[in-house]
>>> print(open('data19.txt').read())   # compact mmCIF, C-alpha atoms
# COMPACT_ATOMS: atom_id res chain seq x y z
CA MET A 1 2.35 -3.30 -24.44
CA ARG A 2 1.85 -0.73 -21.70
CA GLU A 3 0.59 -3.39 -19.30
CA ARG A 4 3.50 -5.68 -20.14
CA LEU A 5 5.93 -2.91 -19.21
CA ILE A 6 4.14 -2.22 -15.93
CA ASP A 7 4.09 -5.95 -15.12
CA ALA A 8 7.78 -6.26 -15.91
CA ALA A 9 8.74 -3.24 -13.80
CA LEU A 10 6.69 -4.53 -10.89
CA MET A 11 8.34 -7.94 -10.94
CA VAL A 12 11.86 -6.53 -11.33
CA LEU A 13 11.26 -4.29 -8.31
CA LYS A 14 9.94 -7.21 -6.27
CA GLU A 15 12.52 -9.81 -7.23
CA GLU A 16 15.66 -7.73 -7.87
CA GLY A 17 15.10 -4.38 -6.15
CA TYR A 18 15.18 -0.79 -7.33
CA ALA A 19 18.92 -0.84 -8.01
CA SER A 20 18.35 -3.44 -10.72
CA ALA A 21 15.26 -1.79 -12.19
CA SER A 22 17.05 -0.16 -15.11
CA VAL A 23 15.24 0.62 -18.33
CA SER A 24 17.29 -2.09 -20.06
CA ARG A 25 16.32 -4.70 -17.47
CA ILE A 26 12.63 -3.78 -17.61
CA VAL A 27 12.61 -3.83 -21.41
CA GLU A 28 14.32 -7.22 -21.37
CA ARG A 29 11.86 -8.60 -18.82
CA ALA A 30 8.88 -7.28 -20.81
CA GLY A 31 10.23 -8.64 -24.08
CA VAL A 32 9.69 -5.37 -25.95
CA SER A 33 11.89 -2.94 -27.84
CA ARG A 34 13.34 0.17 -26.26
CA GLY A 35 11.41 2.19 -28.81
CA ALA A 36 8.14 0.67 -27.62
CA TYR A 37 9.11 1.49 -24.06
CA LEU A 38 9.84 5.13 -24.90
CA HIS A 39 6.57 5.41 -26.81
CA HIS A 40 4.59 4.61 -23.67
CA PHE A 41 6.93 6.01 -21.01
CA PRO A 42 9.24 8.86 -22.10
CA ALA A 43 10.77 8.86 -18.61
CA LYS A 44 11.42 6.00 -16.18
CA ASP A 45 9.75 7.75 -13.26
CA LEU A 46 6.48 7.84 -15.25
CA LEU A 47 6.54 4.05 -15.52
CA LEU A 48 7.28 3.69 -11.80
CA GLN A 49 4.42 6.07 -11.04
CA GLU A 50 2.11 3.71 -12.95
CA VAL A 51 3.47 0.78 -10.95
CA GLY A 52 2.74 2.60 -7.70
CA ASP A 53 -0.74 3.54 -8.90
CA ARG A 54 -1.58 -0.05 -9.79
CA VAL A 55 -0.37 -1.38 -6.44
CA LEU A 56 -2.17 1.22 -4.31
CA ARG A 57 -5.35 0.94 -6.38
CA ARG A 58 -5.48 -2.81 -5.70
CA VAL A 59 -4.84 -2.39 -1.98
CA TYR A 60 -7.54 0.29 -1.71
CA ARG A 61 -10.10 -1.97 -3.37
CA ILE A 62 -9.28 -5.12 -1.42
CA ALA A 63 -9.01 -3.31 1.94
CA GLY A 64 -12.58 -2.09 1.43
CA ASP A 65 -13.70 -5.66 0.72
CA VAL A 66 -11.99 -6.87 3.91
CA ALA A 67 -13.60 -4.12 5.99
CA LEU A 68 -17.04 -5.19 4.79
CA SER A 69 -16.45 -8.93 5.03
CA SER A 70 -15.68 -9.21 8.75
CA LYS A 71 -18.22 -11.57 10.27
CA LYS A 72 -18.32 -9.56 13.47
CA LYS A 73 -18.13 -5.78 13.62
CA GLU A 74 -15.72 -5.96 16.54
CA ASP A 75 -13.28 -8.01 14.44
CA ARG A 76 -13.04 -5.37 11.69
CA LEU A 77 -9.93 -3.61 12.99
CA SER A 78 -8.07 -6.85 13.66
CA ASP A 79 -9.05 -8.27 10.27
CA LEU A 80 -7.85 -5.15 8.47
CA ILE A 81 -4.52 -4.89 10.26
CA TRP A 82 -3.76 -8.58 9.73
CA PHE A 83 -4.72 -8.24 6.08
CA ILE A 84 -2.47 -5.21 5.62
CA TRP A 85 0.43 -7.00 7.30
CA ARG A 86 0.16 -10.45 5.75
CA ASP A 87 -1.28 -9.73 2.32
CA VAL A 88 -0.04 -6.21 1.58
CA VAL A 89 3.08 -5.35 3.55
CA ARG A 90 4.55 -8.86 3.37
CA GLY A 91 3.28 -9.39 -0.17
CA THR A 92 4.25 -8.09 -3.58
CA GLU A 93 2.53 -4.74 -3.02
CA GLY A 94 4.40 -3.96 0.18
CA GLU A 95 7.77 -5.00 -1.17
CA VAL A 96 7.35 -2.94 -4.34
CA LEU A 97 6.14 0.16 -2.49
CA LEU A 98 8.99 -0.09 -0.02
CA GLU A 99 11.50 -0.22 -2.88
CA LEU A 100 9.91 2.84 -4.49
CA PHE A 101 9.61 4.88 -1.29
CA GLN A 102 13.16 4.12 -0.22
CA ALA A 103 14.47 5.03 -3.67
CA ALA A 104 12.55 8.31 -3.59
CA ARG A 105 14.72 9.42 -0.68
CA THR A 106 17.68 9.94 -3.01
CA ASP A 107 15.98 10.12 -6.42
CA SER A 108 14.35 13.55 -6.62
CA ASP A 109 12.65 12.85 -9.97
CA LEU A 110 11.05 9.71 -8.59
CA ALA A 111 10.00 11.53 -5.43
CA GLU A 112 8.38 14.31 -7.47
CA SER A 113 6.56 11.74 -9.60
CA LEU A 114 5.30 9.68 -6.65
CA ARG A 115 4.34 12.58 -4.38
CA PRO A 116 0.83 13.26 -5.82
CA LEU A 117 0.08 9.54 -5.75
CA ALA A 118 1.23 9.23 -2.14
CA ILE A 119 -0.83 12.23 -1.04
CA ARG A 120 -3.91 10.94 -2.86
CA SER A 121 -3.60 7.48 -1.34
CA ILE A 122 -3.16 8.86 2.18
CA ASP A 123 -6.25 11.03 1.75
CA LEU A 124 -8.41 8.22 0.36
CA PHE A 125 -7.34 5.61 2.90
CA GLN A 126 -7.89 8.01 5.78
CA HIS A 127 -11.35 9.04 4.59
CA ALA A 128 -12.31 5.40 4.13
CA ALA A 129 -11.05 4.58 7.63
CA GLU A 130 -13.21 7.36 9.09
CA TYR A 131 -16.22 5.73 7.45
CA TYR A 132 -15.52 2.36 9.07
CA PHE A 133 -14.17 3.54 12.44
CA ALA A 134 -14.70 6.28 15.03
CA PRO A 135 -12.48 7.56 17.86
CA ALA A 136 -13.14 5.56 21.01
CA SER A 137 -13.25 8.68 23.21
CA PRO A 138 -12.90 12.47 22.96
CA SER A 139 -9.28 12.12 24.06
CA SER A 140 -8.41 9.59 21.35
CA PRO A 141 -6.35 10.75 18.36
CA SER A 142 -8.20 11.13 15.09
CA VAL A 143 -8.87 7.98 13.10
CA ALA A 144 -6.92 9.49 10.19
CA ASN A 145 -3.81 9.86 12.36
CA LEU A 146 -4.21 6.40 13.84
CA VAL A 147 -4.51 4.78 10.41
CA PHE A 148 -1.38 6.57 9.24
CA LEU A 149 0.47 5.27 12.29
CA VAL A 150 -0.70 1.73 11.55
CA GLN A 151 0.64 1.95 8.01
CA ALA A 152 3.95 3.45 9.15
CA SER A 153 4.35 0.85 11.91
CA LEU A 154 3.81 -2.08 9.58
CA ARG A 155 6.18 -0.65 6.98
CA GLY A 156 8.76 -0.29 9.74
CA LEU A 157 8.39 -3.96 10.64
CA LEU A 158 8.96 -4.85 7.01
CA LEU A 159 12.35 -3.11 7.12
CA ASP A 160 13.42 -5.59 9.81
CA ALA A 161 12.11 -8.64 7.96
CA PRO A 162 15.39 -9.56 6.20
CA LEU A 163 17.18 -9.55 9.57
CA VAL A 164 14.65 -11.13 11.93
CA ARG A 165 13.14 -14.20 10.31
CA ASP A 166 11.05 -15.49 13.21
CA GLU A 167 7.43 -15.02 12.13
CA ARG A 168 6.29 -15.27 15.76
CA PHE A 169 8.29 -12.12 16.49
CA TYR A 170 6.22 -10.19 13.97
CA ASP A 171 2.94 -11.79 15.00
CA HIS A 172 3.48 -10.56 18.55
CA LYS A 173 4.21 -7.05 17.33
CA VAL A 174 1.11 -6.98 15.13
CA GLU A 175 -1.01 -8.23 18.02
CA ALA A 176 0.41 -5.45 20.20
CA LEU A 177 -0.39 -2.88 17.50
CA ILE A 178 -3.97 -4.14 17.29
CA ALA A 179 -4.32 -3.96 21.08
CA VAL A 180 -3.09 -0.36 21.16
CA MET A 181 -5.28 0.76 18.27
CA SER A 182 -8.34 -0.98 19.74
CA VAL A 183 -8.13 1.36 22.72
CA HIS A 184 -8.55 4.38 20.45
CA MET A 185 -10.67 3.14 17.49
CA VAL A 186 -14.10 1.53 17.52
CA PRO A 187 -15.97 0.15 14.49
CA ARG A 188 -18.97 2.05 13.20
CA ASP A 189 -22.21 0.45 12.05
CA VAL A 190 -22.04 0.39 8.25
CA GLU A 191 -24.35 -1.12 5.66
CA GLY A 192 -22.16 -1.03 2.58
CA PRO A 193 -19.22 0.66 0.86
CA PRO A 194 -18.71 4.38 1.56
CA SER A 195 -20.72 6.16 -1.11
CA LYS A 196 -19.33 9.64 -0.43
CA ILE A 197 -15.67 8.69 -0.84
CA PRO A 198 -14.42 8.97 -4.43
CA ALA A 199 -13.33 5.87 -6.26
CA TRP A 200 -9.61 5.69 -6.97
CA ASP A 201 -9.97 7.13 -10.48
CA GLN A 202 -12.35 9.90 -9.44
CA THR A 203 -9.95 11.90 -7.35
CA GLU A 204 -6.77 13.82 -8.00
CA GLY A 205 -3.71 14.38 -5.87
>>> encode(input="data19.txt", output="structure tokens")
Amino acid sequence: MRERLIDAALMVLKEEGYASASVSRIVERAGVSRGAYLHHFPAKDLLLQEVGDRVLRRVYRIAGDVALSSKKKEDRLSDLIWFIWRDVVRGTEGEVLLELFQAARTDSDLAESLRPLAIRSIDLFQHAAEYYFAPASPSSPSVANLVFLVQASLRGLLLDAPLVRDERFYDHKVEALIAVMSVHMVPRDVEGPPSKIPAWDQTEG
């Protein structure tokens, strides 16, 4: 039942947007009673927090797989940025997160609920990036800051997506982002997943 509610909320956010993600609409989409909903999620923001957790958990896991699967070490940064753009930002995960983050600007309860999750995800993603990459020179910004800028840049492009529908426009911008980041980040030699970075469930915000 809990998973059905999370699935329903995720799909309503993706297909209809936050403005349509009322409790009634989510309950209807899940095919459950309002009582069942309240049993699992006494407040709407708690359900949306679970949606955000599921999305970010999946991205964290798959991004690590992509980082390890690059055939050439020098392709790792390009592979990751293209993955984040095409499969995350332009996919269900990116659309859902954008709806939640935009809504949090004016919904203080939602913002309070999502804040620990956002802080935890930033920390984990940045630590993972520092395992796979190093600054290219002493004058380069930290890898943590660069990774945050990559995420923010790609989210910004997504905001334009409904208005500029030429995919080549976005491809050129992503290529430019990769070129800029390649000046400041170089891949490290790694032999497997980062053992010292907590798994998603082993850390707290």
>>> closest_residue(input="data19.txt", among="A:Phe133, A:Val164, A:Ser121, A:Ser142", to="Lys73 of chain A", atoms="all atoms listed in the file")
A:Phe133
>>> atom_distance(input="data19.txt", atom1="atom CA of Arg115 of chain A", atom2="atom CA of Val89 of chain A")
19.6 Å
>>> atom_distance(input="data19.txt", atom1="atom CA of Ser140 of chain A", atom2="atom CA of Val183 of chain A")
8.3 Å
>>> residues_around(input="data19.txt", residues="Gln102 of chain A", least_positions_apart="3", cutoff="12 Å", atoms="all atoms listed in the file", output="PyMOL selection string")
chain A and resi 13+17-19+94-99+105-108+110-111+114+155-156+159
>>> residues_around(input="data19.txt", residues="Ala21 of chain A", least_positions_apart="5", cutoff="7 Å", atoms="only C-alpha atoms", output="ChimeraX atom specification")
/A:9,12-13,26
>>> atom_distance(input="data19.txt", atom1="atom CA of Ala43 of chain A", atom2="atom CA of Arg61 of chain A")
28.0 Å
>>> closest_residue(input="data19.txt", among="A:Arg165, A:Arg188, A:Arg2, A:Arg57", to="Phe125 of chain A", atoms="only C-alpha atoms")
A:Arg57
>>> residues_around(input="data19.txt", residues="Ala67 of chain A", least_positions_apart="3", cutoff="8 Å", atoms="only C-alpha atoms", output="list in words")
Ala63, Gly64, Ser70, Arg76, Leu77, Asp79, Leu80 and Tyr132 of chain A
>>> residues_around(input="data19.txt", residues="Met185 of chain A", least_positions_apart="2", cutoff="6 Å", atoms="only C-alpha atoms", output="PyMOL selection string")
chain A and resi 134-136+181-182
>>> residues_around(input="data19.txt", residues="Ala129 of chain A", least_positions_apart="6", cutoff="8 Å", atoms="only C-alpha atoms", output="PDB file with C-alpha atoms, keeping the file's coordinate frame")
ATOM      1  CA  VAL A 143      -8.870   7.980  13.100  1.00  0.00           C
ATOM      2  CA  ALA A 144      -6.920   9.490  10.190  1.00  0.00           C
ATOM      3  CA  VAL A 147      -4.510   4.780  10.410  1.00  0.00           C
TER       4      VAL A 147
END
>>> closest_residue(input="data19.txt", among="A:Arg4, A:Val66, A:Asp189, A:Asp45", to="Ser22 of chain A", atoms="all atoms listed in the file")
A:Asp45
